[in-house]
>>> print(open('work-v2.txt').read())   # compact mmCIF, N, CA and C atoms
# COMPACT_ATOMS: atom_id res chain seq x y z
N MET A 1 42.40 70.97 49.48
CA MET A 1 43.18 69.97 48.80
C MET A 1 44.60 70.47 48.61
N LYS A 2 45.50 69.72 49.16
CA LYS A 2 46.90 70.08 49.03
C LYS A 2 47.53 69.37 47.85
N ASN A 3 48.56 69.96 47.37
CA ASN A 3 49.44 69.36 46.39
C ASN A 3 48.75 68.81 45.15
N LEU A 4 48.13 69.69 44.41
CA LEU A 4 47.50 69.28 43.16
C LEU A 4 48.54 68.84 42.14
N ARG A 5 49.76 69.37 42.25
CA ARG A 5 50.82 68.97 41.33
C ARG A 5 51.11 67.47 41.46
N LEU A 6 51.14 66.98 42.69
CA LEU A 6 51.37 65.56 42.92
C LEU A 6 50.23 64.72 42.34
N LEU A 7 49.00 65.16 42.54
CA LEU A 7 47.84 64.46 41.98
C LEU A 7 47.91 64.46 40.46
N LYS A 8 48.24 65.59 39.86
CA LYS A 8 48.37 65.65 38.41
C LYS A 8 49.42 64.66 37.92
N ASN A 9 50.56 64.60 38.61
CA ASN A 9 51.61 63.67 38.21
C ASN A 9 51.17 62.22 38.33
N THR A 10 50.41 61.92 39.37
CA THR A 10 49.88 60.56 39.54
C THR A 10 48.93 60.21 38.41
N ILE A 11 48.05 61.13 38.08
CA ILE A 11 47.10 60.89 36.98
C ILE A 11 47.86 60.70 35.67
N LYS A 12 48.85 61.55 35.41
CA LYS A 12 49.64 61.41 34.18
C LYS A 12 50.32 60.06 34.12
N GLU A 13 50.88 59.63 35.24
CA GLU A 13 51.55 58.33 35.28
C GLU A 13 50.56 57.21 35.01
N ASN A 14 49.38 57.29 35.60
CA ASN A 14 48.37 56.25 35.41
C ASN A 14 47.78 56.27 34.00
N GLU A 15 47.68 57.44 33.40
CA GLU A 15 47.13 57.54 32.05
C GLU A 15 48.13 57.12 30.98
N GLY A 16 49.41 57.46 31.20
CA GLY A 16 50.39 57.28 30.13
C GLY A 16 50.26 58.43 29.15
N PHE A 17 51.20 58.53 28.24
CA PHE A 17 51.20 59.64 27.27
C PHE A 17 51.39 59.12 25.86
N ARG A 18 50.58 59.64 24.96
CA ARG A 18 50.74 59.34 23.53
C ARG A 18 50.60 60.65 22.77
N ASP A 19 51.56 60.93 21.91
CA ASP A 19 51.53 62.20 21.16
C ASP A 19 50.78 62.10 19.85
N SER A 20 50.23 60.92 19.57
CA SER A 20 49.36 60.78 18.40
C SER A 20 48.08 60.07 18.83
N PRO A 21 47.00 60.31 18.12
CA PRO A 21 45.71 59.72 18.51
C PRO A 21 45.74 58.20 18.46
N TYR A 22 44.99 57.58 19.35
CA TYR A 22 44.86 56.13 19.38
C TYR A 22 43.47 55.79 19.91
N PHE A 23 43.09 54.55 19.70
CA PHE A 23 41.80 54.10 20.22
C PHE A 23 42.03 53.36 21.53
N ASP A 24 41.35 53.81 22.58
CA ASP A 24 41.51 53.16 23.88
C ASP A 24 40.84 51.79 23.86
N GLN A 25 40.89 51.09 24.99
CA GLN A 25 40.37 49.73 25.03
C GLN A 25 38.86 49.65 24.81
N LEU A 26 38.17 50.77 24.92
CA LEU A 26 36.73 50.80 24.65
C LEU A 26 36.42 51.31 23.24
N GLY A 27 37.50 51.58 22.47
CA GLY A 27 37.32 52.04 21.09
C GLY A 27 37.12 53.53 20.93
N HIS A 28 37.40 54.32 21.98
CA HIS A 28 37.25 55.77 21.91
C HIS A 28 38.57 56.40 21.50
N LEU A 29 38.49 57.37 20.60
CA LEU A 29 39.68 58.08 20.15
C LEU A 29 40.21 58.93 21.30
N THR A 30 41.50 58.77 21.57
CA THR A 30 42.15 59.38 22.72
C THR A 30 43.51 59.92 22.31
N ILE A 31 44.02 60.90 23.05
CA ILE A 31 45.34 61.46 22.77
C ILE A 31 45.93 62.05 24.06
N GLY A 32 47.22 62.25 24.05
CA GLY A 32 47.88 62.89 25.19
C GLY A 32 47.80 62.04 26.43
N TYR A 33 47.43 62.65 27.54
CA TYR A 33 47.25 61.96 28.81
C TYR A 33 45.80 61.56 28.99
N GLY A 34 45.31 60.67 28.16
CA GLY A 34 43.95 60.17 28.31
C GLY A 34 42.86 61.13 27.92
N HIS A 35 43.18 62.10 27.05
CA HIS A 35 42.15 63.05 26.61
C HIS A 35 41.21 62.35 25.63
N LEU A 36 39.94 62.27 26.00
CA LEU A 36 38.93 61.70 25.13
C LEU A 36 38.58 62.73 24.06
N VAL A 37 38.86 62.39 22.81
CA VAL A 37 38.63 63.32 21.71
C VAL A 37 37.12 63.52 21.53
N LYS A 38 36.72 64.76 21.55
CA LYS A 38 35.31 65.12 21.40
C LYS A 38 34.95 65.17 19.90
N PRO A 39 33.67 64.99 19.57
CA PRO A 39 33.27 65.04 18.15
C PRO A 39 33.65 66.36 17.47
N SER A 40 33.70 67.44 18.23
CA SER A 40 34.04 68.75 17.64
C SER A 40 35.54 68.93 17.41
N GLU A 41 36.36 68.04 17.96
CA GLU A 41 37.81 68.15 17.81
C GLU A 41 38.29 67.32 16.63
N ARG A 42 39.29 67.84 15.96
CA ARG A 42 39.83 67.15 14.79
C ARG A 42 41.29 66.80 15.02
N PHE A 43 41.57 65.51 15.04
CA PHE A 43 42.94 65.01 15.13
C PHE A 43 43.16 64.01 14.01
N ASN A 44 44.30 64.13 13.35
CA ASN A 44 44.66 63.17 12.30
C ASN A 44 45.33 61.97 12.95
N LEU A 45 44.87 60.78 12.60
CA LEU A 45 45.35 59.56 13.24
C LEU A 45 46.86 59.36 13.12
N ASN A 46 47.45 59.70 12.01
CA ASN A 46 48.86 59.42 11.80
C ASN A 46 49.77 60.60 12.09
N GLN A 47 49.26 61.58 12.80
CA GLN A 47 50.04 62.79 13.08
C GLN A 47 50.46 62.83 14.54
N LYS A 48 51.69 63.28 14.78
CA LYS A 48 52.16 63.52 16.15
C LYS A 48 51.87 64.97 16.49
N TYR A 49 51.46 65.20 17.74
CA TYR A 49 51.10 66.54 18.18
C TYR A 49 52.10 67.03 19.23
N ASP A 50 52.23 68.33 19.30
CA ASP A 50 53.18 68.99 20.18
C ASP A 50 52.85 68.70 21.64
N LYS A 51 53.86 68.36 22.43
CA LYS A 51 53.65 68.03 23.84
C LYS A 51 53.08 69.22 24.61
N ILE A 52 53.51 70.43 24.30
CA ILE A 52 52.99 71.62 25.00
C ILE A 52 51.48 71.74 24.77
N PHE A 53 51.04 71.52 23.54
CA PHE A 53 49.61 71.55 23.21
C PHE A 53 48.87 70.47 24.01
N LEU A 54 49.44 69.27 24.07
CA LEU A 54 48.79 68.17 24.77
C LEU A 54 48.80 68.37 26.29
N GLU A 55 49.83 69.05 26.80
CA GLU A 55 49.86 69.40 28.23
C GLU A 55 48.72 70.37 28.56
N LYS A 56 48.46 71.31 27.64
CA LYS A 56 47.36 72.25 27.85
C LYS A 56 46.01 71.53 27.85
N LEU A 57 45.88 70.52 26.97
CA LEU A 57 44.66 69.71 26.97
C LEU A 57 44.49 68.99 28.31
N PHE A 58 45.60 68.45 28.82
CA PHE A 58 45.55 67.78 30.12
C PHE A 58 45.10 68.75 31.21
N GLU A 59 45.68 69.95 31.22
CA GLU A 59 45.32 70.94 32.24
C GLU A 59 43.83 71.26 32.19
N LYS A 60 43.31 71.39 30.98
CA LYS A 60 41.88 71.67 30.82
C LYS A 60 41.05 70.51 31.35
N ASP A 61 41.43 69.28 31.00
CA ASP A 61 40.70 68.10 31.47
C ASP A 61 40.79 67.98 32.99
N PHE A 62 41.98 68.23 33.54
CA PHE A 62 42.16 68.15 34.99
C PHE A 62 41.28 69.19 35.69
N ASN A 63 41.30 70.41 35.18
CA ASN A 63 40.48 71.47 35.78
C ASN A 63 39.00 71.15 35.70
N ASN A 64 38.57 70.52 34.61
CA ASN A 64 37.17 70.10 34.50
C ASN A 64 36.83 69.07 35.58
N ALA A 65 37.73 68.10 35.78
CA ALA A 65 37.51 67.08 36.81
C ALA A 65 37.48 67.72 38.20
N LEU A 66 38.40 68.65 38.44
CA LEU A 66 38.45 69.34 39.73
C LEU A 66 37.18 70.15 39.96
N ASN A 67 36.72 70.85 38.94
CA ASN A 67 35.47 71.62 39.06
C ASN A 67 34.28 70.72 39.32
N ASP A 68 34.23 69.56 38.64
CA ASP A 68 33.14 68.61 38.87
C ASP A 68 33.19 68.08 40.30
N TYR A 69 34.39 67.80 40.78
CA TYR A 69 34.54 67.37 42.17
C TYR A 69 34.03 68.46 43.12
N ASN A 70 34.47 69.69 42.89
CA ASN A 70 34.08 70.79 43.78
C ASN A 70 32.56 71.00 43.80
N LYS A 71 31.91 70.86 42.64
CA LYS A 71 30.46 71.05 42.55
C LYS A 71 29.70 69.94 43.28
N ASN A 72 30.26 68.72 43.26
CA ASN A 72 29.52 67.57 43.75
C ASN A 72 29.96 67.03 45.11
N TYR A 73 31.23 67.27 45.48
CA TYR A 73 31.76 66.59 46.66
C TYR A 73 32.48 67.48 47.66
N LYS A 74 32.86 68.66 47.29
CA LYS A 74 33.63 69.52 48.21
C LYS A 74 32.88 69.76 49.52
N LYS A 75 31.57 69.84 49.45
CA LYS A 75 30.74 70.11 50.63
C LYS A 75 30.91 69.06 51.73
N PHE A 76 31.40 67.87 51.37
CA PHE A 76 31.55 66.80 52.36
C PHE A 76 32.88 66.90 53.12
N LYS A 77 33.76 67.79 52.66
CA LYS A 77 35.04 68.03 53.36
C LYS A 77 35.82 66.73 53.57
N TYR A 78 35.96 65.97 52.50
CA TYR A 78 36.73 64.73 52.57
C TYR A 78 38.21 65.02 52.77
N SER A 79 38.93 64.04 53.26
CA SER A 79 40.38 64.16 53.39
C SER A 79 41.00 64.31 52.00
N ASN A 80 42.23 64.78 51.96
CA ASN A 80 42.93 64.91 50.67
C ASN A 80 43.00 63.57 49.95
N ARG A 81 43.24 62.52 50.69
CA ARG A 81 43.37 61.18 50.11
C ARG A 81 42.08 60.77 49.39
N ILE A 82 40.94 60.93 50.07
CA ILE A 82 39.66 60.56 49.46
C ILE A 82 39.33 61.50 48.31
N SER A 83 39.58 62.78 48.48
CA SER A 83 39.34 63.75 47.41
C SER A 83 40.14 63.38 46.16
N ASN A 84 41.40 63.02 46.37
CA ASN A 84 42.25 62.68 45.23
C ASN A 84 41.74 61.45 44.49
N VAL A 85 41.27 60.46 45.23
CA VAL A 85 40.70 59.26 44.59
C VAL A 85 39.49 59.65 43.75
N LEU A 86 38.62 60.47 44.31
CA LEU A 86 37.41 60.87 43.57
C LEU A 86 37.76 61.73 42.35
N ILE A 87 38.71 62.65 42.50
CA ILE A 87 39.10 63.49 41.36
C ILE A 87 39.68 62.63 40.25
N GLU A 88 40.55 61.68 40.60
CA GLU A 88 41.13 60.83 39.55
C GLU A 88 40.06 59.97 38.89
N MET A 89 39.14 59.49 39.68
CA MET A 89 38.03 58.71 39.12
C MET A 89 37.23 59.55 38.14
N ILE A 90 36.92 60.79 38.53
CA ILE A 90 36.19 61.70 37.65
C ILE A 90 37.00 61.99 36.39
N PHE A 91 38.31 62.20 36.55
CA PHE A 91 39.17 62.45 35.39
C PHE A 91 39.07 61.28 34.41
N GLN A 92 39.12 60.07 34.94
CA GLN A 92 39.16 58.90 34.06
C GLN A 92 37.81 58.59 33.41
N ILE A 93 36.74 58.59 34.20
CA ILE A 93 35.47 58.10 33.65
C ILE A 93 34.41 59.19 33.50
N GLY A 94 34.68 60.39 34.01
CA GLY A 94 33.72 61.48 33.89
C GLY A 94 32.76 61.50 35.07
N ILE A 95 32.23 62.67 35.33
CA ILE A 95 31.36 62.86 36.50
C ILE A 95 30.06 62.07 36.38
N SER A 96 29.50 61.98 35.18
CA SER A 96 28.21 61.27 35.06
C SER A 96 28.37 59.79 35.38
N LYS A 97 29.46 59.17 34.96
CA LYS A 97 29.68 57.75 35.30
C LYS A 97 30.10 57.60 36.75
N GLN A 98 30.88 58.54 37.25
CA GLN A 98 31.31 58.46 38.65
C GLN A 98 30.11 58.52 39.58
N LYS A 99 29.15 59.36 39.27
CA LYS A 99 27.97 59.51 40.13
C LYS A 99 27.08 58.26 40.11
N LYS A 100 27.27 57.38 39.14
CA LYS A 100 26.51 56.13 39.10
C LYS A 100 27.01 55.14 40.15
N PHE A 101 28.15 55.43 40.76
CA PHE A 101 28.67 54.59 41.84
C PHE A 101 27.99 55.01 43.15
N LYS A 102 26.67 54.87 43.16
CA LYS A 102 25.87 55.37 44.29
C LYS A 102 26.25 54.72 45.61
N LYS A 103 26.39 53.41 45.61
CA LYS A 103 26.75 52.72 46.86
C LYS A 103 28.14 53.13 47.33
N MET A 104 29.10 53.18 46.39
CA MET A 104 30.45 53.58 46.76
C MET A 104 30.45 54.98 47.36
N ASN A 105 29.77 55.90 46.72
CA ASN A 105 29.73 57.28 47.21
C ASN A 105 29.07 57.36 48.59
N GLU A 106 28.03 56.58 48.78
CA GLU A 106 27.36 56.57 50.09
C GLU A 106 28.27 55.98 51.16
N TYR A 107 28.98 54.90 50.83
CA TYR A 107 29.91 54.31 51.80
C TYR A 107 31.03 55.29 52.16
N ILE A 108 31.49 56.06 51.19
CA ILE A 108 32.52 57.05 51.49
C ILE A 108 31.97 58.10 52.46
N LYS A 109 30.75 58.55 52.22
CA LYS A 109 30.13 59.52 53.14
C LYS A 109 30.03 58.96 54.55
N GLN A 110 29.76 57.66 54.64
CA GLN A 110 29.61 57.00 55.94
C GLN A 110 30.96 56.57 56.54
N LYS A 111 32.04 56.88 55.83
CA LYS A 111 33.39 56.49 56.24
C LYS A 111 33.56 54.97 56.32
N LYS A 112 32.81 54.26 55.51
CA LYS A 112 32.94 52.80 55.40
C LYS A 112 33.79 52.52 54.16
N LEU A 113 35.09 52.79 54.30
CA LEU A 113 35.98 52.78 53.14
C LEU A 113 36.20 51.38 52.58
N TYR A 114 36.16 50.35 53.42
CA TYR A 114 36.32 48.99 52.89
C TYR A 114 35.13 48.61 52.03
N MET A 115 33.96 49.05 52.41
CA MET A 115 32.78 48.78 51.58
C MET A 115 32.84 49.59 50.28
N ALA A 116 33.33 50.83 50.36
CA ALA A 116 33.50 51.63 49.15
C ALA A 116 34.49 50.94 48.22
N ALA A 117 35.59 50.42 48.79
CA ALA A 117 36.59 49.72 47.99
C ALA A 117 35.99 48.48 47.34
N TYR A 118 35.13 47.77 48.08
CA TYR A 118 34.46 46.60 47.52
C TYR A 118 33.63 46.99 46.30
N GLU A 119 32.91 48.09 46.38
CA GLU A 119 32.10 48.55 45.25
C GLU A 119 32.98 48.91 44.05
N MET A 120 34.14 49.50 44.32
CA MET A 120 35.06 49.83 43.23
C MET A 120 35.57 48.55 42.56
N LYS A 121 35.92 47.56 43.38
CA LYS A 121 36.48 46.32 42.86
C LYS A 121 35.43 45.51 42.12
N ASN A 122 34.20 45.58 42.58
CA ASN A 122 33.11 44.79 42.01
C ASN A 122 32.38 45.59 40.93
N SER A 123 33.15 46.10 39.96
CA SER A 123 32.55 46.96 38.93
C SER A 123 33.13 46.65 37.55
N LEU A 124 32.38 47.05 36.55
CA LEU A 124 32.86 46.95 35.17
C LEU A 124 34.12 47.79 35.01
N TRP A 125 34.16 48.93 35.66
CA TRP A 125 35.33 49.82 35.62
C TRP A 125 36.58 49.07 36.05
N HIS A 126 36.49 48.28 37.11
CA HIS A 126 37.64 47.50 37.57
C HIS A 126 38.07 46.48 36.52
N SER A 127 37.09 45.84 35.88
CA SER A 127 37.45 44.83 34.87
C SER A 127 38.10 45.48 33.64
N GLN A 128 37.80 46.75 33.40
CA GLN A 128 38.38 47.46 32.26
C GLN A 128 39.78 48.00 32.56
N THR A 129 40.00 48.50 33.77
CA THR A 129 41.30 49.07 34.15
C THR A 129 41.68 48.61 35.56
N PRO A 130 41.95 47.31 35.71
CA PRO A 130 42.17 46.77 37.05
C PRO A 130 43.39 47.35 37.78
N LYS A 131 44.49 47.57 37.10
CA LYS A 131 45.67 48.10 37.79
C LYS A 131 45.40 49.48 38.37
N ARG A 132 44.75 50.30 37.58
CA ARG A 132 44.46 51.66 38.04
C ARG A 132 43.47 51.66 39.20
N VAL A 133 42.42 50.90 39.07
CA VAL A 133 41.42 50.85 40.14
C VAL A 133 42.04 50.28 41.41
N ASN A 134 42.88 49.27 41.27
CA ASN A 134 43.55 48.71 42.45
C ASN A 134 44.44 49.75 43.12
N LYS A 135 45.13 50.58 42.34
CA LYS A 135 45.94 51.66 42.92
C LYS A 135 45.05 52.65 43.68
N LEU A 136 43.91 52.98 43.11
CA LEU A 136 43.00 53.91 43.77
C LEU A 136 42.41 53.29 45.04
N ILE A 137 42.13 52.00 45.01
CA ILE A 137 41.65 51.32 46.21
C ILE A 137 42.73 51.36 47.29
N ASP A 138 43.96 51.08 46.90
CA ASP A 138 45.07 51.14 47.87
C ASP A 138 45.17 52.53 48.49
N THR A 139 45.03 53.55 47.66
CA THR A 139 45.09 54.93 48.17
C THR A 139 43.93 55.19 49.12
N LEU A 140 42.75 54.76 48.74
CA LEU A 140 41.55 54.97 49.57
C LEU A 140 41.72 54.33 50.94
N LEU A 141 42.35 53.17 51.00
CA LEU A 141 42.44 52.42 52.25
C LEU A 141 43.69 52.71 53.07
N GLN A 142 44.55 53.59 52.57
CA GLN A 142 45.76 53.95 53.34
C GLN A 142 45.36 54.50 54.69
N LYS A 143 46.13 54.15 55.68
CA LYS A 143 45.89 54.67 57.04
C LYS A 143 46.70 55.94 57.21
N LYS A 144 46.09 57.08 57.02
CA LYS A 144 46.76 58.38 57.22
C LYS A 144 45.75 59.42 57.58
>>> encode(input="work-v2.txt", output="structure tokens")
Amino acid sequence: MKNLRLLKNTIKENEGFRDSPYFDQLGHLTIGYGHLVKPSERFNLNQKYDKIFLEKLFEKDFNNALNDYNKNYKKFKYSNRISNVLIEMIFQIGISKQKKFKKMNEYIKQKKLYMAAYEMKNSLWHSQTPKRVNKLIDTLLQKK
């Protein structure tokens, strides 16, 4: 996988940044670049947090997504483009939810990318974050 810095910047752009905790559209407490606050973490709702601290949280979350990708998908030797789509998907929804996209994952293995894109579009995930999923579909279907 080349250029992880570019992928990180794309994820940051798609996530947006908030220096204080907020509830995402599903009602989950979130901060920074889409960091899902864990029950063991304590954030005060009305407090702003240091950007350096939140950047470190992002790096940890990104590395977790990358590790999950490597454990589950690296063996398939996907192109950088497909790898990046899967890593961003894992970053956003987590590996357990990403793996529930069984048809999409199988279509990717079979190089049937239009069918994989159909599965992405025809999902609850798409209805929750349509702009982001559409960007990932566009990336998946790029001819390169």
>>> residues_around(input="work-v2.txt", residues="Glu55 of chain A", least_positions_apart="3", cutoff="8 Å", atoms="only C-alpha atoms", output="PDB file with N, CA and C atoms, keeping the file's coordinate frame")
ATOM      1  N   GLY A  32      47.220  62.250  24.050  1.00  0.00           N
ATOM      2  CA  GLY A  32      47.880  62.890  25.190  1.00  0.00           C
ATOM      3  C   GLY A  32      47.800  62.040  26.430  1.00  0.00           C
ATOM      4  N   TYR A  33      47.430  62.650  27.540  1.00  0.00           N
ATOM      5  CA  TYR A  33      47.250  61.960  28.810  1.00  0.00           C
ATOM      6  C   TYR A  33      45.800  61.560  28.990  1.00  0.00           C
ATOM      7  N   LYS A  51      53.860  68.360  22.430  1.00  0.00           N
ATOM      8  CA  LYS A  51      53.650  68.030  23.840  1.00  0.00           C
ATOM      9  C   LYS A  51      53.080  69.220  24.610  1.00  0.00           C
ATOM     10  N   ILE A  52      53.510  70.430  24.300  1.00  0.00           N
ATOM     11  CA  ILE A  52      52.990  71.620  25.000  1.00  0.00           C
ATOM     12  C   ILE A  52      51.480  71.740  24.770  1.00  0.00           C
ATOM     13  N   PHE A  58      45.600  68.450  28.820  1.00  0.00           N
ATOM     14  CA  PHE A  58      45.550  67.780  30.120  1.00  0.00           C
ATOM     15  C   PHE A  58      45.100  68.750  31.210  1.00  0.00           C
ATOM     16  N   GLU A  59      45.680  69.950  31.220  1.00  0.00           N
ATOM     17  CA  GLU A  59      45.320  70.940  32.240  1.00  0.00           C
ATOM     18  C   GLU A  59      43.830  71.260  32.190  1.00  0.00           C
TER      19      GLU A  59
END
>>> select_by_dssp(input="work-v2.txt", residues="chain A", states="strand (DSSP E)", output="PyMOL selection string")
chain A and resi 18-23+29-32+35-36
>>> write_last_selection(input="work-v2.txt", atoms="N, CA and C atoms", output="CSV table (one decimal), in the coordinates of the input")
chain,number,residue,atom,x,y,z
A,18,ARG,N,50.6,59.6,25.0
A,18,ARG,CA,50.7,59.3,23.5
A,18,ARG,C,50.6,60.6,22.8
A,19,ASP,N,51.6,60.9,21.9
A,19,ASP,CA,51.5,62.2,21.2
A,19,ASP,C,50.8,62.1,19.8
A,20,SER,N,50.2,60.9,19.6
A,20,SER,CA,49.4,60.8,18.4
A,20,SER,C,48.1,60.1,18.8
A,21,PRO,N,47.0,60.3,18.1
A,21,PRO,CA,45.7,59.7,18.5
A,21,PRO,C,45.7,58.2,18.5
A,22,TYR,N,45.0,57.6,19.4
A,22,TYR,CA,44.9,56.1,19.4
A,22,TYR,C,43.5,55.8,19.9
A,23,PHE,N,43.1,54.6,19.7
A,23,PHE,CA,41.8,54.1,20.2
A,23,PHE,C,42.0,53.4,21.5
A,29,LEU,N,38.5,57.4,20.6
A,29,LEU,CA,39.7,58.1,20.2
A,29,LEU,C,40.2,58.9,21.3
A,30,THR,N,41.5,58.8,21.6
A,30,THR,CA,42.2,59.4,22.7
A,30,THR,C,43.5,59.9,22.3
A,31,ILE,N,44.0,60.9,23.0
A,31,ILE,CA,45.3,61.5,22.8
A,31,ILE,C,45.9,62.0,24.1
A,32,GLY,N,47.2,62.2,24.0
A,32,GLY,CA,47.9,62.9,25.2
A,32,GLY,C,47.8,62.0,26.4
A,35,HIS,N,43.2,62.1,27.0
A,35,HIS,CA,42.2,63.0,26.6
A,35,HIS,C,41.2,62.4,25.6
A,36,LEU,N,39.9,62.3,26.0
A,36,LEU,CA,38.9,61.7,25.1
A,36,LEU,C,38.6,62.7,24.1
>>> atom_distance(input="work-v2.txt", atom1="atom C of Tyr49 of chain A", atom2="atom C of Thr30 of chain A")
11.6 Å
>>> closest_atom_pairs(input="work-v2.txt", of="segment 71-111 of chain A", to="segment 3-17 of chain A", cutoff="12 Å", atoms="only C-alpha atoms", output="CSV")
residue,atom,partner,partner_atom,distance
A:Asn80,CA,A:Asn3,CA,9.0
A:Arg81,CA,A:Leu7,CA,9.8
A:Ile82,CA,A:Leu7,CA,11.8
A:Ser83,CA,A:Leu7,CA,10.1
A:Asn84,CA,A:Leu7,CA,6.7
A:Val85,CA,A:Leu7,CA,9.2
A:Leu86,CA,A:Leu7,CA,11.1
A:Ile87,CA,A:Leu7,CA,8.8
A:Glu88,CA,A:Ile11,CA,6.5
A:Met89,CA,A:Ile11,CA,9.6
A:Ile90,CA,A:Ile11,CA,11.0
A:Phe91,CA,A:Ile11,CA,8.2
A:Gln92,CA,A:Glu15,CA,8.3
A:Ile93,CA,A:Glu15,CA,11.8
>>> closest_residue(input="work-v2.txt", among="A:Gln25, A:Asn72, A:Ser123, A:Ser20", to="Gln47 of chain A", atoms="only C-alpha atoms")
A:Ser20
>>> atom_distance(input="work-v2.txt", atom1="atom N of Ile108 of chain A", atom2="atom CA of Lys77 of chain A")
12.7 Å
>>> atom_distance(input="work-v2.txt", atom1="atom CA of Arg132 of chain A", atom2="atom C of Lys56 of chain A")
22.4 Å
>>> closest_residue(input="work-v2.txt", among="A:Phe76, A:Thr139, A:Phe62, A:Lys97", to="Lys109 of chain A", atoms="all atoms listed in the file")
A:Phe76
>>> closest_residue(input="work-v2.txt", among="A:Leu136, A:Lys75, A:Gly94, A:Asn67", to="Gly34 of chain A", atoms="only C-alpha atoms")
A:Gly94
>>> select_by_dssp(input="work-v2.txt", residues="chain A", states="helix (DSSP H, G or I)", output="MDAnalysis selection string")
chainID A and resid 4:15 51:72 74:76 80:93 95:98 102:109 113:121 124:128 130:141
>>> closest_residue(input="work-v2.txt", among="A:Arg18, A:Lys121, A:Gly27, A:Ser96", to="Lys135 of chain A", atoms="only C-alpha atoms")
A:Lys121
>>> build_atoms(input="work-v2.txt", residues="segment 131-136 of chain A", atoms="all heavy atoms", output="PDB file, in the coordinates of the input")
ATOM      1  N   LYS A 131      44.490  47.570  37.100  1.00  0.00           N
ATOM      2  CA  LYS A 131      45.670  48.100  37.790  1.00  0.00           C
ATOM      3  C   LYS A 131      45.400  49.480  38.370  1.00  0.00           C
ATOM      4  O   LYS A 131      45.763  49.769  39.504  1.00  0.00           O
ATOM      5  CB  LYS A 131      46.878  48.175  36.842  1.00  0.00           C
ATOM      6  CG  LYS A 131      47.476  46.840  36.501  1.00  0.00           C
ATOM      7  CD  LYS A 131      48.655  47.009  35.569  1.00  0.00           C
ATOM      8  CE  LYS A 131      49.179  45.670  35.104  1.00  0.00           C
ATOM      9  NZ  LYS A 131      50.257  45.811  34.121  1.00  0.00           N
ATOM     10  N   ARG A 132      44.750  50.300  37.580  1.00  0.00           N
ATOM     11  CA  ARG A 132      44.460  51.660  38.040  1.00  0.00           C
ATOM     12  C   ARG A 132      43.470  51.660  39.200  1.00  0.00           C
ATOM     13  O   ARG A 132      43.666  52.354  40.201  1.00  0.00           O
ATOM     14  CB  ARG A 132      43.920  52.491  36.889  1.00  0.00           C
ATOM     15  CG  ARG A 132      43.738  53.949  37.295  1.00  0.00           C
ATOM     16  CD  ARG A 132      43.476  54.767  36.115  1.00  0.00           C
ATOM     17  NE  ARG A 132      43.642  56.171  36.362  1.00  0.00           N
ATOM     18  CZ  ARG A 132      43.562  57.058  35.405  1.00  0.00           C
ATOM     19  NH1 ARG A 132      43.396  56.676  34.155  1.00  0.00           N
ATOM     20  NH2 ARG A 132      43.694  58.332  35.670  1.00  0.00           N
ATOM     21  N   VAL A 133      42.420  50.900  39.070  1.00  0.00           N
ATOM     22  CA  VAL A 133      41.420  50.850  40.140  1.00  0.00           C
ATOM     23  C   VAL A 133      42.040  50.280  41.410  1.00  0.00           C
ATOM     24  O   VAL A 133      41.786  50.790  42.508  1.00  0.00           O
ATOM     25  CB  VAL A 133      40.165  50.065  39.693  1.00  0.00           C
ATOM     26  CG1 VAL A 133      39.173  49.927  40.848  1.00  0.00           C
ATOM     27  CG2 VAL A 133      39.492  50.754  38.505  1.00  0.00           C
ATOM     28  N   ASN A 134      42.880  49.270  41.270  1.00  0.00           N
ATOM     29  CA  ASN A 134      43.550  48.710  42.450  1.00  0.00           C
ATOM     30  C   ASN A 134      44.440  49.750  43.120  1.00  0.00           C
ATOM     31  O   ASN A 134      44.501  49.814  44.359  1.00  0.00           O
ATOM     32  CB  ASN A 134      44.345  47.458  42.093  1.00  0.00           C
ATOM     33  CG  ASN A 134      43.441  46.264  41.822  1.00  0.00           C
ATOM     34  OD1 ASN A 134      42.309  46.202  42.304  1.00  0.00           O
ATOM     35  ND2 ASN A 134      43.938  45.323  41.046  1.00  0.00           N
ATOM     36  N   LYS A 135      45.130  50.580  42.340  1.00  0.00           N
ATOM     37  CA  LYS A 135      45.940  51.660  42.920  1.00  0.00           C
ATOM     38  C   LYS A 135      45.050  52.650  43.680  1.00  0.00           C
ATOM     39  O   LYS A 135      45.396  53.103  44.766  1.00  0.00           O
ATOM     40  CB  LYS A 135      46.699  52.428  41.831  1.00  0.00           C
ATOM     41  CG  LYS A 135      47.912  51.747  41.303  1.00  0.00           C
ATOM     42  CD  LYS A 135      48.590  52.658  40.284  1.00  0.00           C
ATOM     43  CE  LYS A 135      49.781  52.019  39.633  1.00  0.00           C
ATOM     44  NZ  LYS A 135      50.419  52.922  38.660  1.00  0.00           N
ATOM     45  N   LEU A 136      43.910  52.980  43.110  1.00  0.00           N
ATOM     46  CA  LEU A 136      43.000  53.910  43.770  1.00  0.00           C
ATOM     47  C   LEU A 136      42.410  53.290  45.040  1.00  0.00           C
ATOM     48  O   LEU A 136      42.246  53.989  46.046  1.00  0.00           O
ATOM     49  CB  LEU A 136      41.897  54.364  42.802  1.00  0.00           C
ATOM     50  CG  LEU A 136      42.370  55.270  41.670  1.00  0.00           C
ATOM     51  CD1 LEU A 136      41.249  55.548  40.686  1.00  0.00           C
ATOM     52  CD2 LEU A 136      42.940  56.565  42.206  1.00  0.00           C
TER      53      LEU A 136
END
